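Structure file structure-v9.txt (compact mmCIF, C-alpha atoms and all ligand atoms) is printed below.
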# COMPACT_ATOMS: atom_id res chain seq x y z
CA MET J 9 23.99 -18.14 74.56
CA ALA J 10 26.81 -16.53 72.53
CA VAL J 11 26.06 -15.67 68.93
CA GLN J 12 28.37 -16.19 65.96
CA LYS J 13 31.76 -14.52 65.78
CA VAL J 14 31.38 -11.05 64.30
CA ASP J 15 34.04 -9.37 62.21
CA PHE J 16 32.40 -6.62 60.21
CA THR J 17 34.39 -4.20 58.10
CA GLY J 18 33.31 -0.98 56.42
CA VAL J 19 30.18 0.89 57.39
CA GLN J 20 28.63 -2.17 59.10
CA SER J 21 31.37 -2.04 61.74
CA THR J 22 30.16 1.38 62.91
CA MET J 23 27.10 -0.16 64.54
CA LEU J 24 29.36 -2.21 66.83
CA VAL J 25 30.77 1.11 68.07
CA THR J 26 27.35 2.64 68.80
CA LEU J 27 26.22 -0.60 70.45
CA PHE J 28 29.35 -0.75 72.61
CA LEU J 29 28.93 2.91 73.65
CA ARG J 30 25.26 2.40 74.59
CA ALA J 31 26.33 -0.62 76.66
CA LEU J 32 28.96 1.49 78.45
CA ASP J 33 26.41 4.20 79.19
CA SER J 34 23.99 1.60 80.58
CA ARG J 35 26.65 0.41 83.05
CA GLU J 36 27.03 3.91 84.57
CA THR J 37 25.46 4.55 87.98
CA HIS J 38 23.40 7.36 86.40
CA PRO J 39 23.17 6.51 82.70
CA VAL J 40 21.85 8.94 80.10
CA LEU J 41 19.91 6.30 78.14
CA GLY J 42 20.22 3.14 80.26
CA ASP J 43 19.84 0.73 77.32
CA HIS J 44 20.27 -2.61 79.10
CA PHE J 45 19.52 -4.46 75.83
CA ALA J 46 22.82 -3.07 74.48
CA ALA J 47 24.78 -4.41 77.46
CA GLU J 48 23.13 -7.84 77.05
CA ALA J 49 23.93 -7.88 73.31
CA VAL J 50 27.59 -6.98 73.94
CA ASP J 51 27.82 -9.86 76.42
CA ARG J 52 26.36 -12.28 73.86
CA ILE J 53 28.27 -11.26 70.71
CA ASP J 54 31.59 -12.93 70.11
CA TYR J 55 33.71 -9.89 69.19
CA ASP J 56 36.99 -8.48 70.46
CA TRP J 57 35.39 -5.53 72.31
CA ALA J 58 38.81 -4.49 73.69
CA ARG J 59 39.46 -3.03 70.20
CA LEU J 60 36.85 -0.39 70.97
CA ASP J 61 37.74 0.15 74.60
CA LYS J 62 39.97 3.18 73.88
CA PRO J 63 39.51 6.68 75.38
CA THR J 64 39.16 8.27 71.91
CA ILE J 65 36.10 6.05 71.40
CA THR J 66 34.66 5.64 74.90
CA ARG J 67 34.57 9.38 75.62
CA ASN J 68 31.76 9.56 73.05
CA ARG J 69 29.48 7.28 75.09
CA PHE J 70 27.31 10.08 76.50
CA GLY J 71 27.10 11.96 73.20
CA LEU J 72 25.79 8.84 71.48
CA ALA J 73 23.42 8.12 74.36
CA LEU J 74 22.10 11.72 74.22
CA ARG J 75 21.52 11.37 70.49
CA ALA J 76 19.61 8.11 70.99
CA LYS J 77 17.60 9.63 73.84
CA GLN J 78 16.56 12.58 71.67
CA PHE J 79 15.40 10.12 68.99
CA ASP J 80 13.51 8.18 71.69
CA GLU J 81 11.78 11.33 72.96
CA TRP J 82 10.64 12.53 69.54
CA THR J 83 9.59 8.99 68.60
CA ALA J 84 7.50 8.68 71.80
CA GLN J 85 5.87 12.06 71.05
CA PHE J 86 5.03 11.00 67.50
CA LEU J 87 3.52 7.70 68.70
CA HIS J 88 1.52 9.54 71.36
CA ARG J 89 0.03 11.79 68.65
CA ASN J 90 -0.31 8.88 66.18
CA PRO J 91 -1.06 5.62 68.05
CA GLU J 92 -1.95 4.05 64.66
CA ALA J 93 1.34 4.54 62.85
CA THR J 94 4.10 2.90 60.86
CA VAL J 95 7.69 3.31 62.05
CA LEU J 96 10.56 2.75 59.68
CA GLN J 97 13.95 2.68 61.32
CA LEU J 98 16.61 2.91 58.62
CA ALA J 99 20.12 1.61 59.44
CA CYS J 100 18.89 0.14 62.72
CA GLY J 101 22.14 -1.66 63.54
CA LEU J 102 21.46 -3.38 66.86
CA ASP J 103 19.44 -0.50 68.23
CA THR J 104 16.48 -1.61 70.37
CA ARG J 105 14.27 1.46 70.26
CA ALA J 106 11.37 -0.79 69.21
CA PHE J 107 11.69 -2.59 72.57
CA ARG J 108 12.82 0.38 74.71
CA LEU J 109 9.70 2.42 74.01
CA ASP J 110 6.07 1.68 74.80
CA ARG J 111 4.65 0.82 71.40
CA PRO J 112 0.89 1.37 71.13
CA VAL J 113 -0.84 -1.78 69.80
CA GLY J 114 -1.68 -0.06 66.52
CA VAL J 115 1.96 0.58 65.63
CA ARG J 116 3.78 -1.45 62.97
CA TRP J 117 7.57 -1.21 63.26
CA PHE J 118 10.15 -2.05 60.56
CA ASP J 119 13.90 -2.15 61.30
CA ILE J 120 16.10 -2.04 58.18
CA ASP J 121 19.82 -2.54 57.68
CA LEU J 122 22.31 -4.29 55.39
CA SER J 123 21.99 -8.08 55.14
CA ASP J 124 24.91 -9.11 57.39
CA VAL J 125 23.76 -6.72 60.12
CA VAL J 126 20.19 -8.02 59.94
CA ALA J 127 21.47 -11.63 60.02
CA LEU J 128 23.22 -10.82 63.31
CA ARG J 129 20.17 -8.97 64.58
CA ARG J 130 18.00 -12.03 63.88
CA GLU J 131 20.24 -14.10 66.16
CA LEU J 132 19.48 -11.73 69.03
CA TYR J 133 15.89 -10.61 68.46
CA SER J 134 12.72 -12.14 67.05
CA GLU J 135 10.07 -10.79 64.73
CA THR J 136 6.45 -10.51 65.83
CA GLU J 137 3.29 -9.64 63.93
CA ASP J 138 3.93 -5.91 64.39
CA TYR J 139 7.73 -5.94 64.45
CA ARG J 140 9.71 -6.87 61.34
CA MET J 141 13.32 -6.72 60.17
CA ILE J 142 14.25 -6.05 56.55
CA ALA J 143 17.64 -6.84 55.07
CA ALA J 144 18.30 -4.28 52.34
CA SER J 145 20.36 -1.29 51.39
CA VAL J 146 18.29 1.87 51.81
CA THR J 147 19.69 3.00 48.47
CA ASP J 148 17.86 0.15 46.71
CA GLU J 149 14.26 0.88 45.82
CA ALA J 150 12.64 -2.56 46.01
CA TRP J 151 12.33 -2.92 49.81
CA LEU J 152 10.04 0.10 50.11
CA THR J 153 7.28 -1.62 48.17
CA GLU J 154 6.95 -4.11 51.10
CA ILE J 155 5.88 -1.33 53.47
CA PRO J 156 2.21 -0.37 53.56
CA GLU J 157 1.58 3.33 53.13
CA ASP J 158 -1.83 3.53 54.82
CA LYS J 159 -0.80 5.16 58.14
CA PRO J 160 1.13 8.24 59.29
CA THR J 161 4.77 7.21 59.09
CA LEU J 162 7.74 7.99 61.24
CA ILE J 163 11.10 7.54 59.51
CA LEU J 164 14.15 7.31 61.76
CA ALA J 165 17.67 7.57 60.38
CA GLU J 166 20.14 7.60 63.26
CA GLY J 167 23.80 7.52 62.26
CA LEU J 168 23.02 6.94 58.57
CA LEU J 169 22.81 9.96 56.29
CA MET J 170 26.42 11.07 56.85
CA TYR J 171 27.62 7.76 55.33
CA LEU J 172 25.67 8.35 52.11
CA ARG J 173 26.58 10.73 49.29
CA GLU J 174 24.33 13.76 49.04
CA PRO J 175 22.62 12.63 45.77
CA GLU J 176 21.79 9.34 47.56
CA VAL J 177 20.27 11.28 50.48
CA ARG J 178 18.14 13.35 48.09
CA ARG J 179 16.99 10.25 46.18
CA LEU J 180 16.20 8.33 49.37
CA SER J 181 14.21 11.22 50.81
CA ALA J 182 12.25 11.66 47.56
CA GLN J 183 11.45 7.92 47.51
CA LEU J 184 10.25 7.97 51.11
CA THR J 185 8.14 11.10 50.89
CA GLY J 186 6.80 9.90 47.54
CA HIS J 187 5.74 6.55 49.03
CA PHE J 188 4.17 7.72 52.32
CA PRO J 189 1.45 10.37 52.24
CA SER J 190 2.38 12.01 55.57
CA GLY J 191 4.69 11.67 58.52
CA GLU J 192 7.94 12.78 60.08
CA LEU J 193 11.61 12.24 59.42
CA ILE J 194 14.05 12.31 62.34
CA PHE J 195 17.74 12.13 61.51
CA ASP J 196 21.08 13.33 62.78
CA GLY J 197 23.58 15.41 60.84
CA VAL J 198 27.17 16.48 61.31
CA ALA J 199 28.72 19.89 60.61
CA PRO J 200 30.64 20.22 57.30
CA TRP J 201 34.02 20.47 59.08
CA VAL J 202 33.36 17.11 60.76
CA ALA J 203 32.74 15.43 57.39
CA THR J 204 35.87 17.01 55.90
CA MET J 205 37.94 15.83 58.86
CA THR J 206 36.78 12.22 58.46
CA GLN J 207 37.58 12.33 54.72
CA LEU J 208 41.11 13.50 55.46
CA LEU J 209 41.52 10.86 58.18
CA LYS J 210 40.20 8.22 55.79
CA LYS J 211 43.09 8.92 53.41
CA TYR J 212 45.48 8.56 56.32
CA PHE J 213 43.93 5.51 58.04
CA HIS J 214 43.10 3.74 54.79
CA ARG J 215 46.57 2.19 54.80
CA TRP J 216 45.58 0.09 57.83
CA TYR J 217 41.85 -0.36 57.83
CA ASP J 218 38.60 0.51 56.14
CA TYR J 219 37.68 3.73 57.96
CA PRO J 220 34.25 4.87 56.77
CA ALA J 221 34.24 8.63 56.17
CA TYR J 222 31.24 10.97 56.37
CA TRP J 223 30.11 12.38 53.03
CA THR J 224 26.92 14.29 53.70
CA ALA J 225 26.94 17.14 56.20
CA THR J 226 24.11 19.41 57.29
CA ARG J 227 24.86 23.13 57.18
CA GLU J 228 21.81 25.13 58.17
CA ALA J 229 18.61 23.31 59.14
CA GLU J 230 16.59 24.66 56.21
CA GLU J 231 18.96 22.81 53.88
CA ILE J 232 16.74 19.76 54.40
CA GLU J 233 14.03 21.47 52.34
CA ARG J 234 16.47 21.81 49.48
CA TRP J 235 17.26 18.09 49.69
CA ASP J 236 13.57 17.37 49.27
CA PRO J 237 10.94 20.11 48.78
CA ARG J 238 8.27 17.85 50.37
CA LEU J 239 10.09 18.09 53.73
CA ARG J 240 9.22 20.92 56.09
CA TYR J 241 11.88 21.62 58.72
CA ARG J 242 10.40 21.69 62.23
CA ASP J 243 13.07 21.50 64.89
CA HIS J 244 16.60 20.57 65.79
CA VAL J 245 18.63 19.88 68.93
CA CYS J 246 22.41 20.25 69.33
CA VAL J 247 23.70 17.17 71.13
CA VAL J 248 26.41 19.09 73.05
CA GLY J 249 23.71 21.52 74.20
CA LEU J 250 22.22 18.66 76.27
CA TYR J 251 25.31 18.73 78.54
CA GLU J 252 23.32 18.95 81.79
CA GLN J 253 22.42 15.26 81.43
CA VAL J 254 26.08 14.13 81.19
CA PRO J 255 26.92 12.35 84.46
CA ASP J 256 30.73 12.60 84.14
CA LEU J 257 31.89 15.99 85.50
CA ALA J 258 34.89 16.48 83.19
CA LEU J 259 32.90 15.55 80.09
CA ARG J 260 29.98 17.70 81.19
CA ARG J 261 32.33 20.68 81.47
CA PHE J 262 33.76 19.89 78.01
CA TYR J 263 30.24 19.73 76.51
CA ARG J 264 29.22 22.96 78.28
CA ILE J 265 32.19 24.84 76.84
CA GLY J 266 31.54 23.23 73.44
CA SER J 267 27.93 24.37 73.51
CA ARG J 268 29.14 28.01 73.66
CA LEU J 269 31.31 27.69 70.55
CA PRO J 270 29.07 27.77 67.46
CA TRP J 271 31.33 25.54 65.37
CA LEU J 272 31.52 22.89 68.11
CA ARG J 273 27.86 23.26 69.10
CA ASN J 274 26.85 22.11 65.61
CA TYR J 275 29.19 19.12 65.66
CA LEU J 276 26.21 16.75 65.84
CA ARG J 277 22.55 17.74 65.66
CA VAL J 278 19.27 15.83 65.63
CA PHE J 279 16.69 17.20 63.17
CA ARG J 280 12.95 16.77 62.84
CA ALA J 281 11.06 17.44 59.61
CA GLU J 282 7.47 16.79 58.50
CA PHE J 283 6.10 15.77 55.15
C1 LIG P 301 26.65 4.27 62.99
S1 LIG P 301 25.73 2.81 62.69
C2 LIG P 301 24.19 3.27 63.43
C3 LIG P 301 23.38 2.09 63.84
C4 LIG P 301 22.17 2.42 64.72
N1 LIG P 301 21.28 3.35 64.08
C5 LIG P 301 22.65 2.96 66.04
O1 LIG P 301 22.48 4.15 66.30
O2 LIG P 301 23.21 2.18 66.80
C6 LIG P 301 25.43 2.93 60.93
C7 LIG P 301 24.54 1.85 60.40
O3 LIG P 301 24.17 2.22 59.07
C8 LIG P 301 24.04 1.03 58.32
N2 LIG P 301 24.05 1.39 56.91
C9 LIG P 301 25.00 2.09 56.26
N3 LIG P 301 24.69 2.21 54.96
C10 LIG P 301 23.49 1.57 54.79
C11 LIG P 301 22.65 1.34 53.69
N4 LIG P 301 22.95 1.81 52.47
N5 LIG P 301 21.50 0.66 53.88
C12 LIG P 301 21.16 0.19 55.11
N6 LIG P 301 21.94 0.38 56.20
C13 LIG P 301 23.09 1.05 56.04
C14 LIG P 301 25.24 0.22 58.78
O4 LIG P 301 25.15 -1.15 58.42
C15 LIG P 301 25.19 0.47 60.29
O5 LIG P 301 24.38 -0.49 60.94
Please rewrite the model in this file as structure tokens.
Ligand SMILES: C[S@@+](CC[C@H](N)C(=O)[O-])C[C@H]1O[C@@H](n2cnc3c(N)ncnc32)[C@H](O)[C@@H]1O
Amino acid sequence: MAVQKVDFTGVQSTMLVTLFLRALDSRETHPVLGDHFAAEAVDRIDYDWARLDKPTITRNRFGLALRAKQFDEWTAQFLHRNPEATVLQLACGLDTRAFRLDRPVGVRWFDIDLSDVVALRRELYSETEDYRMIAASVTDEAWLTEIPEDKPTLILAEGLLMYLREPEVRRLSAQLTGHFPSGELIFDGVAPWVATMTQLLKKYFHRWYDYPAYWTATREAEEIERWDPRLRYRDHVCVVGLYEQVPDLALRRFYRIGSRLPWLRNYLRVFRAEF
């Protein structure tokens, strides 16, 4: 059954791009992530997907799938070590990590996004006793009080922090690490030149449409500890460095070359920190 017509603008529209790219990856013979939920959602949502079917967008399908796969792997490891845990996925969009992964019975999972995104999500997926969706801006404080703080907590922020201003990132992190006694934060960050480029493009594209720029970049990994002294940096992975998993030969070669150039290697990284 098709769901309502979707016509998001602003930052909400970015989750249609990541959804579309995961669907494309899943239709490959040898997908990186193989998220069939994404392909099913694209088939059900009434949206003009041809708008996104452009080489400048679709060539990112494996990069986005590699990012999601890295999140999946670190999430699975956390849940293996902490089968009684709370997972908080900020800016979930239409991501289906909660259904892709084996969730131990003791895990409570919360997916959070802005209200119109969660309204769409509710048309596609249902809540259960241990899976809930919360409609809120992560920059508001009230929603956090709904989340129990009695278990080790994994906080996922995929494709979020770059859209916030740095003071918002610092405040959000302090709220989270102040609320939960212990856990991990997994997030992705772009290099400063990437953020600058999107800000310049925003000025240019703004005449035609609401292009959301990136505001917060991640320079060196230890910077996270300056955002929030309760965070302890543990690990990071450069997405282009995962080129061996890219099934398309030309793109794999592009990623391999990129992984040798420090400025391009740090284009997009996934970070893991403890608190
Ligand atoms: C690039 S999409 C990523 C979605 C999803 N994590 C994925 O990888 O497919 C960015 C998401 O951030 C959400 N977002 C942006 N600002 C937000 C905020 N202040 N509070 C909650 N969600 C926000 C948008 O609505 C959108 O769903």
Quiz item: Counting all atoms listed in the file, what is within 6 Å of Ala93 of chain J, bar same-chain residues fewer than 2 positions away, as JSON, numbers by chain?
Solution: {"J": [90, 91, 115, 159, 160, 161]}
Quiz prompt | Contacts to ligand LIG 301 (chain P) at 7 Å cut-off (only C-alpha atoms and all ligand atoms) as a list in words | solution =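 Based on only C-alpha atoms and all ligand atoms, ligand LIG 301 (chain P) is surrounded within 7 Å by Val19, Gln20, Ser21, Thr22, Met23, Thr26, Leu27, Ala76, Leu98, Ala99, Cys100, Gly101, Leu102, Asp103, Ile120, Asp121, Leu122, Val125, Ala144, Ser145, Val146, Thr147, Ala165, Glu166, Gly167, Leu168, Tyr171 and Leu172 of chain J.
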So that each row is one residue of segment 171-195 of chain J with an atom at most 7 Å from segment 234-258 of chain J, can you give its shortest atom pair and the distance in Å to one decimal, using only C-alpha atoms, rows by chain and rising number, as a Markdown table?
| residue | atom | partner | partner_atom | distance |
| --- | --- | --- | --- | --- |
| J:Arg178 | CA | J:Trp235 | CA | 5.1 |
| J:Ser181 | CA | J:Asp236 | CA | 6.4 |
| J:Ala182 | CA | J:Asp236 | CA | 6.1 |
| J:Thr185 | CA | J:Arg238 | CA | 6.8 |
Show me the residues around (7.2, 7.0, 59.1) - criterion: an atom at most 7 Å away, only C-alpha atoms counted - as a compact mmCIF listing (two decimals) with C-alpha atoms, in the coordinates of the input.
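Result file is part35.txt:
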# COMPACT_ATOMS: atom_id res chain seq x y z
CA THR J 94 4.10 2.90 60.86
CA VAL J 95 7.69 3.31 62.05
CA LEU J 96 10.56 2.75 59.68
CA PRO J 160 1.13 8.24 59.29
CA THR J 161 4.77 7.21 59.09
CA LEU J 162 7.74 7.99 61.24
CA ILE J 163 11.10 7.54 59.51
CA GLY J 191 4.69 11.67 58.52
CA GLU J 192 7.94 12.78 60.08
CA LEU J 193 11.61 12.24 59.42
Practice problem: Give me, please, the distance in Å between atom CA of Glu81 of chain J and atom CA of Tyr263 of chain J, quoted to one decimal. | Solution: 20.6 Å
Self-check item: Residue among J:Asp158, J:Arg30, J:Trp117, J:Glu231 lying closest to Arg140 of chain J, counting all atoms listed in the file
Solution: J:Trp117
Exercise. Kindly provide, as a list in words, the polymer residues lying within 9 Å of (0.3, -7.7, 68.5), counting all atoms listed in the file and using the coordinates exactly as they appear in the file.
Key: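 The answer, in the requested form, is Val113, Gly114, Val115, Thr136, Glu137, Asp138 and Tyr139 of chain J.
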Quiz item: With distances taken over all atoms listed in the file, which of J:Lys211, J:Arg261, J:Arg35, J:Arg227 is nearest to Asn274 of chain J?
Solution: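 When distances to Asn274 of chain J are compared using all atoms listed in the file, the smallest one comes from J:Arg227.
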Self-check item: Selection: 10 Å around Trp271 of chain J, only C-alpha atoms, excl. self and same-chain fewer than 2 positions, as a PyMOL selection string
Solution: chain J and resi 199-202+266-269+273-275
Quiz item: Near Trp82 of chain J, counting only C-alpha atoms, which residues have an atom at most 8 Å away, once you skip same-chain residues fewer than 4 positions from it, shown as a PyMOL selection string?
Solution: chain J and resi 78+86+194
Please produce an output containing C-alpha atoms for each residue in the selection, written as an mmCIF file, in the coordinates of the input.
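In the end it all went to out-v1.cif:
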data_model
loop_
_atom_site.group_PDB
_atom_site.id
_atom_site.type_symbol
_atom_site.label_atom_id
_atom_site.label_comp_id
_atom_site.auth_asym_id
_atom_site.auth_seq_id
_atom_site.Cartn_x
_atom_site.Cartn_y
_atom_site.Cartn_z
ATOM 1 C CA GLN J 78 16.560 12.580 71.670
ATOM 2 C CA PHE J 86 5.030 11.000 67.500
ATOM 3 C CA ILE J 194 14.050 12.310 62.340
#
Quiz item: Could you work out how far atom CA of Leu72 of chain J lies from atom CA of Gln12 of chain J, giving the answer in Å with one decimal?
Solution: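 Calculated distance between atom CA of Gln12 of chain J and atom CA of Leu72 of chain J is 25.8 Å.
Between atom CA of Glu149 of chain J and atom CA of Glu228 of chain J lies a distance of 28.2 Å.
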Quiz item: With only C-alpha atoms as the atoms that count, which of J:Ala203, J:Leu164, J:Ala143, J:Leu32 lies nearest to Thr226 of chain J?
Solution: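 With only C-alpha atoms as the atom set, the closest residue is J:Ala203.
The closest residue to Lys13 of chain J, picked from J:Glu36, J:Asp43, J:Glu131, J:Asp119 and counting all atoms listed in the file, is J:Glu131.
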Self-check item: Minimum-distance residue to Gln183 of chain J, chosen among J:Asp33, J:Asp148, J:Asp196, J:Glu233 (using all atoms listed in the file)
Solution: J:Asp148
Would you mind exporting segment 243-253 of chain J with all heavy atoms, as a CSV table (one decimal), in the first residue's frame?
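Saved file part_29.csv follows:
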chain,number,residue,atom,x,y,z
J,243,ASP,N,37.9,5.3,18.6
J,243,ASP,CA,38.3,4.7,17.3
J,243,ASP,C,37.6,5.6,16.1
J,243,ASP,O,36.6,6.3,16.4
J,243,ASP,CB,37.6,3.3,17.2
J,243,ASP,CG,38.4,2.4,16.3
J,243,ASP,OD1,39.3,2.9,15.6
J,243,ASP,OD2,38.0,1.2,16.3
J,244,HIS,N,38.2,5.5,15.0
J,244,HIS,CA,37.5,6.0,13.8
J,244,HIS,C,37.8,5.2,12.5
J,244,HIS,O,38.9,4.6,12.5
J,244,HIS,CB,37.7,7.5,13.6
J,244,HIS,CG,39.0,7.9,13.0
J,244,HIS,ND1,40.1,8.1,13.7
J,244,HIS,CD2,39.3,8.0,11.6
J,244,HIS,CE1,41.1,8.4,12.8
J,244,HIS,NE2,40.6,8.3,11.6
J,245,VAL,N,36.9,5.3,11.6
J,245,VAL,CA,37.1,4.6,10.3
J,245,VAL,C,36.9,5.6,9.2
J,245,VAL,O,35.9,6.4,9.2
J,245,VAL,CB,36.1,3.4,10.2
J,245,VAL,CG1,36.1,2.9,8.8
J,245,VAL,CG2,36.5,2.3,11.1
J,246,CYS,N,37.8,5.7,8.2
J,246,CYS,CA,37.6,6.6,7.0
J,246,CYS,C,36.7,5.8,6.0
J,246,CYS,O,37.1,4.7,5.6
J,246,CYS,CB,38.9,6.9,6.4
J,246,CYS,SG,40.0,7.8,7.5
J,247,VAL,N,35.6,6.3,5.6
J,247,VAL,CA,34.7,5.6,4.7
J,247,VAL,C,35.4,5.2,3.4
J,247,VAL,O,35.3,4.1,2.9
J,247,VAL,CB,33.4,6.4,4.5
J,247,VAL,CG1,32.6,5.8,3.4
J,247,VAL,CG2,32.6,6.4,5.8
J,248,VAL,N,36.2,6.2,2.8
J,248,VAL,CA,36.9,5.8,1.5
J,248,VAL,C,37.9,4.7,1.7
J,248,VAL,O,38.2,4.0,0.8
J,248,VAL,CB,37.5,7.0,0.8
J,248,VAL,CG1,36.5,8.0,0.3
J,248,VAL,CG2,38.5,7.7,1.7
J,249,GLY,N,38.4,4.6,2.9
J,249,GLY,CA,39.4,3.5,3.2
J,249,GLY,C,38.8,2.1,3.1
J,249,GLY,O,39.5,1.1,3.1
J,250,LEU,N,37.4,2.0,3.1
J,250,LEU,CA,36.8,0.7,3.0
J,250,LEU,C,36.5,0.3,1.5
J,250,LEU,O,35.6,-0.5,1.2
J,250,LEU,CB,35.4,0.8,3.8
J,250,LEU,CG,35.5,1.2,5.2
J,250,LEU,CD1,34.1,1.5,5.8
J,250,LEU,CD2,36.2,0.2,6.1
J,251,TYR,N,37.3,0.9,0.6
J,251,TYR,CA,37.1,0.7,-0.8
J,251,TYR,C,37.0,-0.7,-1.3
J,251,TYR,O,36.3,-1.0,-2.3
J,251,TYR,CB,38.2,1.5,-1.6
J,251,TYR,CG,39.6,1.0,-1.4
J,251,TYR,CD1,40.1,-0.1,-2.1
J,251,TYR,CD2,40.4,1.6,-0.5
J,251,TYR,CE1,41.4,-0.5,-1.9
J,251,TYR,CE2,41.7,1.2,-0.2
J,251,TYR,CZ,42.2,0.1,-0.9
J,251,TYR,OH,43.4,-0.3,-0.7
J,252,GLU,N,37.7,-1.7,-0.6
J,252,GLU,CA,37.7,-3.0,-1.1
J,252,GLU,C,36.2,-3.6,-1.2
J,252,GLU,O,36.0,-4.6,-1.9
J,252,GLU,CB,38.5,-3.9,-0.2
J,252,GLU,CG,40.0,-3.7,-0.5
J,252,GLU,CD,40.9,-4.5,0.4
J,252,GLU,OE1,40.4,-5.3,1.2
J,252,GLU,OE2,42.1,-4.4,0.2
J,253,GLN,N,35.3,-3.1,-0.4
J,253,GLN,CA,33.9,-3.6,-0.4
J,253,GLN,C,33.1,-3.0,-1.5
J,253,GLN,O,32.0,-3.4,-1.7
J,253,GLN,CB,33.3,-3.3,0.9
J,253,GLN,CG,34.0,-3.9,2.1
J,253,GLN,CD,33.3,-3.5,3.4
J,253,GLN,OE1,32.1,-3.5,3.6
J,253,GLN,NE2,34.1,-3.0,4.3
